[in-house]
>>> print(open('start.csv').read())   # CSV, C-alpha atoms
chain,number,residue,atom,x,y,z
R,197,MET,CA,-11.6,3.9,-24.4
R,198,ASN,CA,-8.3,3.0,-22.7
R,199,ARG,CA,-8.7,6.0,-20.3
R,200,ILE,CA,-12.3,5.0,-19.5
R,201,GLY,CA,-11.3,1.5,-18.9
R,202,SER,CA,-8.4,2.6,-16.6
R,203,ILE,CA,-10.8,4.8,-14.6
R,204,ALA,CA,-13.3,2.0,-14.4
R,205,ARG,CA,-10.7,-0.4,-13.1
R,206,GLY,CA,-9.5,2.2,-10.6
R,207,ILE,CA,-13.1,2.7,-9.3
R,208,ALA,CA,-13.7,-1.0,-9.1
R,209,GLY,CA,-10.4,-1.5,-7.2
R,210,ALA,CA,-11.2,1.3,-4.8
R,211,ALA,CA,-14.7,-0.2,-4.2
R,212,LEU,CA,-13.2,-3.6,-3.5
R,213,VAL,CA,-10.7,-2.2,-1.0
R,214,ILE,CA,-13.5,-0.2,0.8
R,215,ALA,CA,-15.8,-3.3,0.8
R,216,TYR,CA,-13.0,-5.4,2.2
R,217,GLU,CA,-12.1,-3.0,5.0
R,218,ALA,CA,-15.8,-2.5,5.9
R,219,GLY,CA,-16.2,-6.2,6.1
R,220,ALA,CA,-13.1,-6.6,8.2
R,221,HIS,CA,-14.4,-4.0,10.7
R,222,HIS,CA,-17.9,-5.6,10.8
R,223,VAL,CA,-16.3,-9.0,11.6
R,224,VAL,CA,-14.3,-7.5,14.5
R,225,GLY,CA,-17.4,-5.9,16.0
R,226,ALA,CA,-19.8,-8.8,15.5
R,227,PRO,CA,-19.9,-12.0,17.6
R,228,GLY,CA,-19.8,-15.4,15.9
R,229,LEU,CA,-18.0,-14.3,12.8
R,230,ALA,CA,-14.5,-15.5,13.6
R,231,GLY,CA,-14.6,-17.9,10.7
R,232,LEU,CA,-15.4,-15.1,8.3
R,233,GLY,CA,-12.6,-13.1,9.9
R,234,LEU,CA,-10.1,-15.8,9.2
R,235,ALA,CA,-11.3,-16.0,5.6
R,236,LEU,CA,-10.7,-12.3,5.2
R,237,VAL,CA,-7.2,-12.7,6.6
R,238,LEU,CA,-6.3,-15.6,4.3
R,239,ALA,CA,-8.1,-14.6,1.0
R,240,PRO,CA,-5.8,-11.8,-0.2
R,241,ALA,CA,-2.6,-13.8,0.5
R,242,ALA,CA,-4.1,-16.9,-1.0
R,243,LEU,CA,-5.2,-15.2,-4.2
R,244,LEU,CA,-1.8,-13.5,-4.5
R,245,ALA,CA,0.1,-16.7,-4.0
R,246,LEU,CA,-2.1,-18.6,-6.4
R,247,GLY,CA,-1.7,-16.0,-9.1
R,248,THR,CA,2.1,-15.9,-8.6
R,249,ALA,CA,2.3,-19.6,-8.7
R,250,LEU,CA,0.2,-20.0,-11.9
R,251,SER,CA,2.3,-17.3,-13.7
R,252,SER,CA,5.6,-18.8,-12.6
R,253,PRO,CA,7.7,-21.1,-14.7
R,254,ARG,CA,8.1,-23.2,-11.5
R,255,ARG,CA,4.4,-23.7,-11.0
R,256,VAL,CA,4.8,-27.5,-11.1
R,257,LEU,CA,6.7,-27.1,-7.9
R,258,LEU,CA,4.8,-24.2,-6.4
R,259,LEU,CA,1.3,-25.5,-6.8
R,260,PRO,CA,1.8,-28.6,-4.8
R,261,LEU,CA,3.4,-26.5,-2.1
R,262,LEU,CA,0.4,-24.3,-2.0
R,263,ALA,CA,-1.9,-27.3,-1.8
R,264,ALA,CA,0.2,-28.6,1.2
R,265,ALA,CA,-0.1,-25.2,2.8
R,266,ALA,CA,-3.8,-25.2,2.3
R,267,VAL,CA,-4.1,-28.6,4.0
R,268,ALA,CA,-2.0,-27.4,6.9
R,269,LEU,CA,-4.2,-24.3,7.4
R,270,TRP,CA,-7.3,-26.5,7.3
R,271,VAL,CA,-5.9,-28.8,9.9
R,272,SER,CA,-5.0,-25.9,12.2
R,273,ARG,CA,-8.2,-23.9,11.5
R,274,GLY,CA,-9.4,-24.2,15.1
R,275,VAL,CA,-6.5,-22.3,16.6
R,276,LEU,CA,-6.4,-19.8,13.7
R,277,VAL,CA,-10.1,-19.0,14.1
R,278,ARG,CA,-9.7,-18.3,17.8
R,279,HIS,CA,-6.9,-15.8,17.1
R,280,TYR,CA,-8.0,-14.4,13.7
R,281,GLU,CA,-7.6,-10.8,14.9
R,282,TRP,CA,-3.8,-11.3,15.0
R,283,GLY,CA,-4.0,-12.1,11.3
R,284,LEU,CA,-5.9,-8.9,10.6
R,285,PHE,CA,-3.3,-6.9,12.6
R,286,LEU,CA,-0.3,-8.6,10.8
R,287,GLU,CA,-1.9,-8.0,7.4
R,288,HIS,CA,-2.4,-4.3,8.2
R,289,ALA,CA,1.1,-3.9,9.6
R,290,LEU,CA,2.8,-5.8,6.8
R,291,VAL,CA,1.1,-3.9,4.0
R,292,ASN,CA,1.9,-0.5,5.4
R,293,GLY,CA,5.4,-1.7,6.4
R,294,ALA,CA,6.0,-2.9,2.9
R,295,LEU,CA,4.9,0.5,1.5
R,296,GLY,CA,7.3,2.2,3.9
R,297,TRP,CA,10.1,-0.1,2.7
R,298,VAL,CA,9.3,0.7,-1.0
R,299,PHE,CA,9.7,4.4,-0.3
R,300,GLY,CA,12.4,4.2,2.3
R,301,ARG,CA,14.9,2.0,0.4
R,302,THR,CA,15.1,4.5,-2.4
R,303,LEU,CA,16.6,7.0,0.0
R,304,ALA,CA,19.8,4.9,0.2
R,305,ARG,CA,22.9,6.0,-1.4
R,306,GLY,CA,23.1,5.1,-5.1
R,307,ARG,CA,19.3,5.1,-5.5
R,308,GLU,CA,16.9,7.6,-6.9
R,309,PRO,CA,14.2,8.7,-4.4
R,310,LEU,CA,10.9,7.3,-5.4
R,311,CYS,CA,9.1,10.7,-5.6
R,312,SER,CA,12.0,12.0,-7.7
R,313,ARG,CA,11.3,9.2,-10.1
R,314,PHE,CA,7.6,10.2,-10.2
R,315,ALA,CA,8.6,13.8,-10.9
R,316,ALA,CA,10.9,12.7,-13.7
R,317,MET,CA,8.1,10.8,-15.3
R,318,VAL,CA,5.9,13.9,-15.3
R,319,HIS,CA,8.5,16.6,-16.0
R,320,GLY,CA,11.3,14.8,-17.8
R,321,ARG,CA,15.0,14.6,-16.9
R,322,PRO,CA,17.1,16.1,-15.6
R,323,LEU,CA,15.3,17.4,-12.6
R,324,ALA,CA,16.1,20.9,-11.4
R,325,PRO,CA,18.1,20.9,-8.2
R,326,GLU,CA,15.2,22.4,-6.1
R,327,VAL,CA,12.8,19.7,-7.5
R,328,ALA,CA,15.3,16.9,-6.7
R,329,ALA,CA,15.7,18.2,-3.1
R,330,TYR,CA,12.0,18.6,-2.6
R,331,THR,CA,11.1,15.2,-3.9
R,332,ARG,CA,13.7,13.6,-1.7
R,333,ARG,CA,12.1,15.2,1.3
R,334,ILE,CA,8.7,14.0,0.2
R,335,THR,CA,10.0,10.5,-0.2
R,336,ALA,CA,11.2,10.7,3.4
R,337,ALA,CA,7.8,12.1,4.5
R,338,TRP,CA,6.0,9.1,2.9
R,339,THR,CA,8.4,6.7,4.5
R,340,SER,CA,7.7,8.3,7.9
R,341,PHE,CA,4.0,8.3,7.3
R,342,PHE,CA,3.9,4.5,6.8
R,343,VAL,CA,6.2,4.0,9.8
R,344,VAL,CA,3.9,6.0,12.0
R,345,VAL,CA,0.9,4.1,10.7
R,346,VAL,CA,2.5,0.8,11.7
R,347,ALA,CA,3.5,2.2,15.1
R,348,VAL,CA,0.1,3.5,15.9
R,349,SER,CA,-1.6,0.3,14.7
R,350,ALA,CA,0.7,-1.8,17.0
R,351,LEU,CA,0.1,0.6,19.9
R,352,LEU,CA,-3.7,0.5,19.5
R,353,PHE,CA,-3.7,-3.3,19.0
R,354,ALA,CA,-1.7,-3.8,22.2
R,355,THR,CA,-3.4,-1.3,24.5
R,356,ALA,CA,-6.9,-0.4,23.1
R,357,SER,CA,-10.0,-2.4,22.4
R,358,LEU,CA,-10.1,-4.4,19.2
R,359,ASP,CA,-12.9,-2.2,17.9
R,360,THR,CA,-10.8,0.9,18.4
R,361,TRP,CA,-7.8,-0.6,16.6
R,362,SER,CA,-10.1,-1.8,13.7
R,363,THR,CA,-11.5,1.7,13.3
R,364,PHE,CA,-8.1,3.1,12.8
R,365,ALA,CA,-6.9,0.2,10.6
R,366,ASN,CA,-10.0,-0.1,8.4
R,367,TYR,CA,-11.6,3.3,8.4
R,368,LEU,CA,-8.8,5.8,9.0
R,369,THR,CA,-5.6,4.5,7.4
R,370,LEU,CA,-6.7,4.9,3.8
R,371,PRO,CA,-8.4,8.4,4.2
R,372,LEU,CA,-5.2,9.5,6.0
R,373,ALA,CA,-3.1,8.3,3.0
R,374,VAL,CA,-5.4,10.2,0.6
R,375,LEU,CA,-5.2,13.3,2.8
R,376,MET,CA,-1.4,13.0,2.8
R,377,PHE,CA,-1.4,12.7,-1.0
R,378,VAL,CA,-3.7,15.7,-1.5
R,379,GLY,CA,-1.8,17.8,1.2
R,380,GLU,CA,1.5,17.1,-0.5
R,381,HIS,CA,0.1,18.2,-3.8
R,382,ALA,CA,-1.0,21.5,-2.2
R,383,CYS,CA,2.4,22.0,-0.5
R,384,ARG,CA,4.1,21.5,-3.8
R,385,ARG,CA,2.5,24.6,-5.2
R,386,ILE,CA,4.0,26.6,-2.4
R,387,ALA,CA,7.4,25.0,-2.3
R,388,LEU,CA,7.9,24.9,-6.1
R,389,PRO,CA,5.9,27.9,-7.4
R,390,HIS,CA,7.9,28.2,-10.6
R,391,VAL,CA,7.6,24.5,-11.6
R,392,ARG,CA,4.9,23.4,-14.0
R,393,ARG,CA,2.0,22.0,-11.9
R,394,SER,CA,1.1,18.5,-12.5
R,395,SER,CA,-2.3,17.3,-11.7
R,396,ILE,CA,-3.1,14.7,-9.1
R,397,VAL,CA,-4.1,12.3,-11.9
R,398,GLU,CA,-0.7,12.7,-13.5
R,399,SER,CA,1.0,12.1,-10.2
R,400,PHE,CA,-1.0,8.9,-9.7
R,401,ARG,CA,-0.3,7.6,-13.2
R,402,ALA,CA,3.5,8.2,-12.5
R,403,TYR,CA,3.1,6.2,-9.3
R,404,ARG,CA,1.5,3.3,-11.2
R,405,ARG,CA,4.1,3.3,-13.9
R,406,SER,CA,6.9,3.3,-11.3
R,407,MET,CA,5.4,0.4,-9.5
R,408,ARG,CA,5.3,-1.6,-12.7
R,409,THR,CA,8.9,-0.9,-13.7
R,410,GLY,CA,10.6,-0.9,-10.3
R,411,PRO,CA,13.2,1.4,-8.7
R,412,VAL,CA,16.2,2.6,-10.7
R,413,PRO,CA,19.6,3.7,-9.5
R,414,SER,CA,20.3,7.4,-9.2
R,415,ARG,CA,22.3,9.2,-11.9
>>> encode(input="start.csv", output="structure tokens")
Amino acid sequence: MNRIGSIARGIAGAALVIAYEAGAHHVVGAPGLAGLGLALVLAPAALLALGTALSSPRRVLLLPLLAAAAVALWVSRGVLVRHYEWGLFLEHALVNGALGWVFGRTLARGREPLCSRFAAMVHGRPLAPEVAAYTRRITAAWTSFFVVVVAVSALLFATASLDTWSTFANYLTLPLAVLMFVGEHACRRIALPHVRRSSIVESFRAYRRSMRTGPVPSR
């Protein structure tokens, strides 16, 4: 039952992300929907901030601050609606930039590369030297992937039409990440032919566990 529930939550989460990105792209291409565009920009951050404030021991302080921020946003809604596309761009850039930071910071001296940690969760410790070297390279590859996504997004936003940028941001970024994930899984079979092959599902579960527990120093 737990497995079925986890699968159902994963499907529901994926459907929500796809619906959000489709809605964001529709808003960009349709006239008269700037208000909805601003709502799409603010809703994820507002829900995250509210959830964090409610679960914080300092919620007595944080909730009034959120209320004040909501009032400030309402007062300045006219300007924000006229420039809602900047919010969509910043949201896309910040999310992918944050993911790049999550991977990239684990490449620093004294830290365990994130993909090495995934491998240790699947195969156990200690990692064989060739596995440790490979997973370090893959961590660097994921870091580069997210850096490139942010760079392309910024370039398209600055030089191309808003519709072109939105197509990349809302319709191509996620499939490219999935393609990267599947491609890495295939490359692993060639680079590490003698290592037990973990399934994509095992790798994804290791990723989720790692995100819950946070990075650890290298040993």
>>> atom_distance(input="start.csv", atom1="atom CA of R:Leu388", atom2="atom CA of R:Phe314")
15.3 Å
>>> closest_residue(input="start.csv", among="R:Val345, R:Val256, R:Leu250, R:Ala235", to="R:Trp270", atoms="all atoms listed in the file")
R:Ala235
>>> closest_residue(input="start.csv", among="R:Gly300, R:Ala315, R:Arg254, R:Arg307", to="R:His381", atoms="all atoms listed in the file")
R:Ala315
>>> closest_residue(input="start.csv", among="R:Ala289, R:Leu212, R:Leu262, R:Ala324", to="R:Leu352", atoms="all atoms listed in the file")
R:Ala289
>>> residues_around(input="start.csv", residues="R:Thr248", least_positions_apart="5", cutoff="12 Å", atoms="all atoms listed in the file", output="list in words")
Ala241, Ala242, Leu243, Pro253, Arg254, Arg255, Leu258, Leu259 and Leu262 of chain R
>>> closest_residue(input="start.csv", among="R:Val344, R:Ala266, R:Val327, R:Ala239", to="R:His390", atoms="all atoms listed in the file")
R:Val327
>>> residues_around(input="start.csv", residues="R:Ala347", least_positions_apart="6", cutoff="10 Å", atoms="only C-alpha atoms", output="list in words")
Ala289, Gly293, Phe341 and Phe353 of chain R
>>> write_last_selection(input="start.csv", atoms="C-alpha atoms", output="PDB file, in the frame of the given file")
ATOM      1  CA  ALA R 289       1.100  -3.900   9.600  1.00  0.00           C
ATOM      2  CA  GLY R 293       5.400  -1.700   6.400  1.00  0.00           C
ATOM      3  CA  PHE R 341       4.000   8.300   7.300  1.00  0.00           C
ATOM      4  CA  PHE R 353      -3.700  -3.300  19.000  1.00  0.00           C
TER       5      PHE R 353
END
>>> residues_near_point(input="start.csv", point="(-11.9, -2.4, 18.4)", cutoff="10 Å", atoms="only C-alpha atoms", output="MDAnalysis selection string")
chainID R and resid 221 224:225 352:353 356:365
>>> write_last_selection(input="start.csv", atoms="C-alpha atoms", output="PDB file, keeping the file's coordinate frame")
ATOM      1  CA  HIS R 221     -14.400  -4.000  10.700  1.00  0.00           C
ATOM      2  CA  VAL R 224     -14.300  -7.500  14.500  1.00  0.00           C
ATOM      3  CA  GLY R 225     -17.400  -5.900  16.000  1.00  0.00           C
ATOM      4  CA  LEU R 352      -3.700   0.500  19.500  1.00  0.00           C
ATOM      5  CA  PHE R 353      -3.700  -3.300  19.000  1.00  0.00           C
ATOM      6  CA  ALA R 356      -6.900  -0.400  23.100  1.00  0.00           C
ATOM      7  CA  SER R 357     -10.000  -2.400  22.400  1.00  0.00           C
ATOM      8  CA  LEU R 358     -10.100  -4.400  19.200  1.00  0.00           C
ATOM      9  CA  ASP R 359     -12.900  -2.200  17.900  1.00  0.00           C
ATOM     10  CA  THR R 360     -10.800   0.900  18.400  1.00  0.00           C
ATOM     11  CA  TRP R 361      -7.800  -0.600  16.600  1.00  0.00           C
ATOM     12  CA  SER R 362     -10.100  -1.800  13.700  1.00  0.00           C
ATOM     13  CA  THR R 363     -11.500   1.700  13.300  1.00  0.00           C
ATOM     14  CA  PHE R 364      -8.100   3.100  12.800  1.00  0.00           C
ATOM     15  CA  ALA R 365      -6.900   0.200  10.600  1.00  0.00           C
TER      16      ALA R 365
END
>>> atom_distance(input="start.csv", atom1="atom CA of R:Ala211", atom2="atom CA of R:Pro240")
15.2 Å
>>> atom_distance(input="start.csv", atom1="atom CA of R:Leu257", atom2="atom CA of R:Gly274")
28.2 Å
>>> closest_residue(input="start.csv", among="R:Val277, R:Ala336, R:Val223, R:Ala382", to="R:Gly296", atoms="all atoms listed in the file")
R:Ala336
>>> closest_residue(input="start.csv", among="R:Glu217, R:Ser272, R:Tyr280, R:Asn366", to="R:Leu238", atoms="all atoms listed in the file")
R:Tyr280
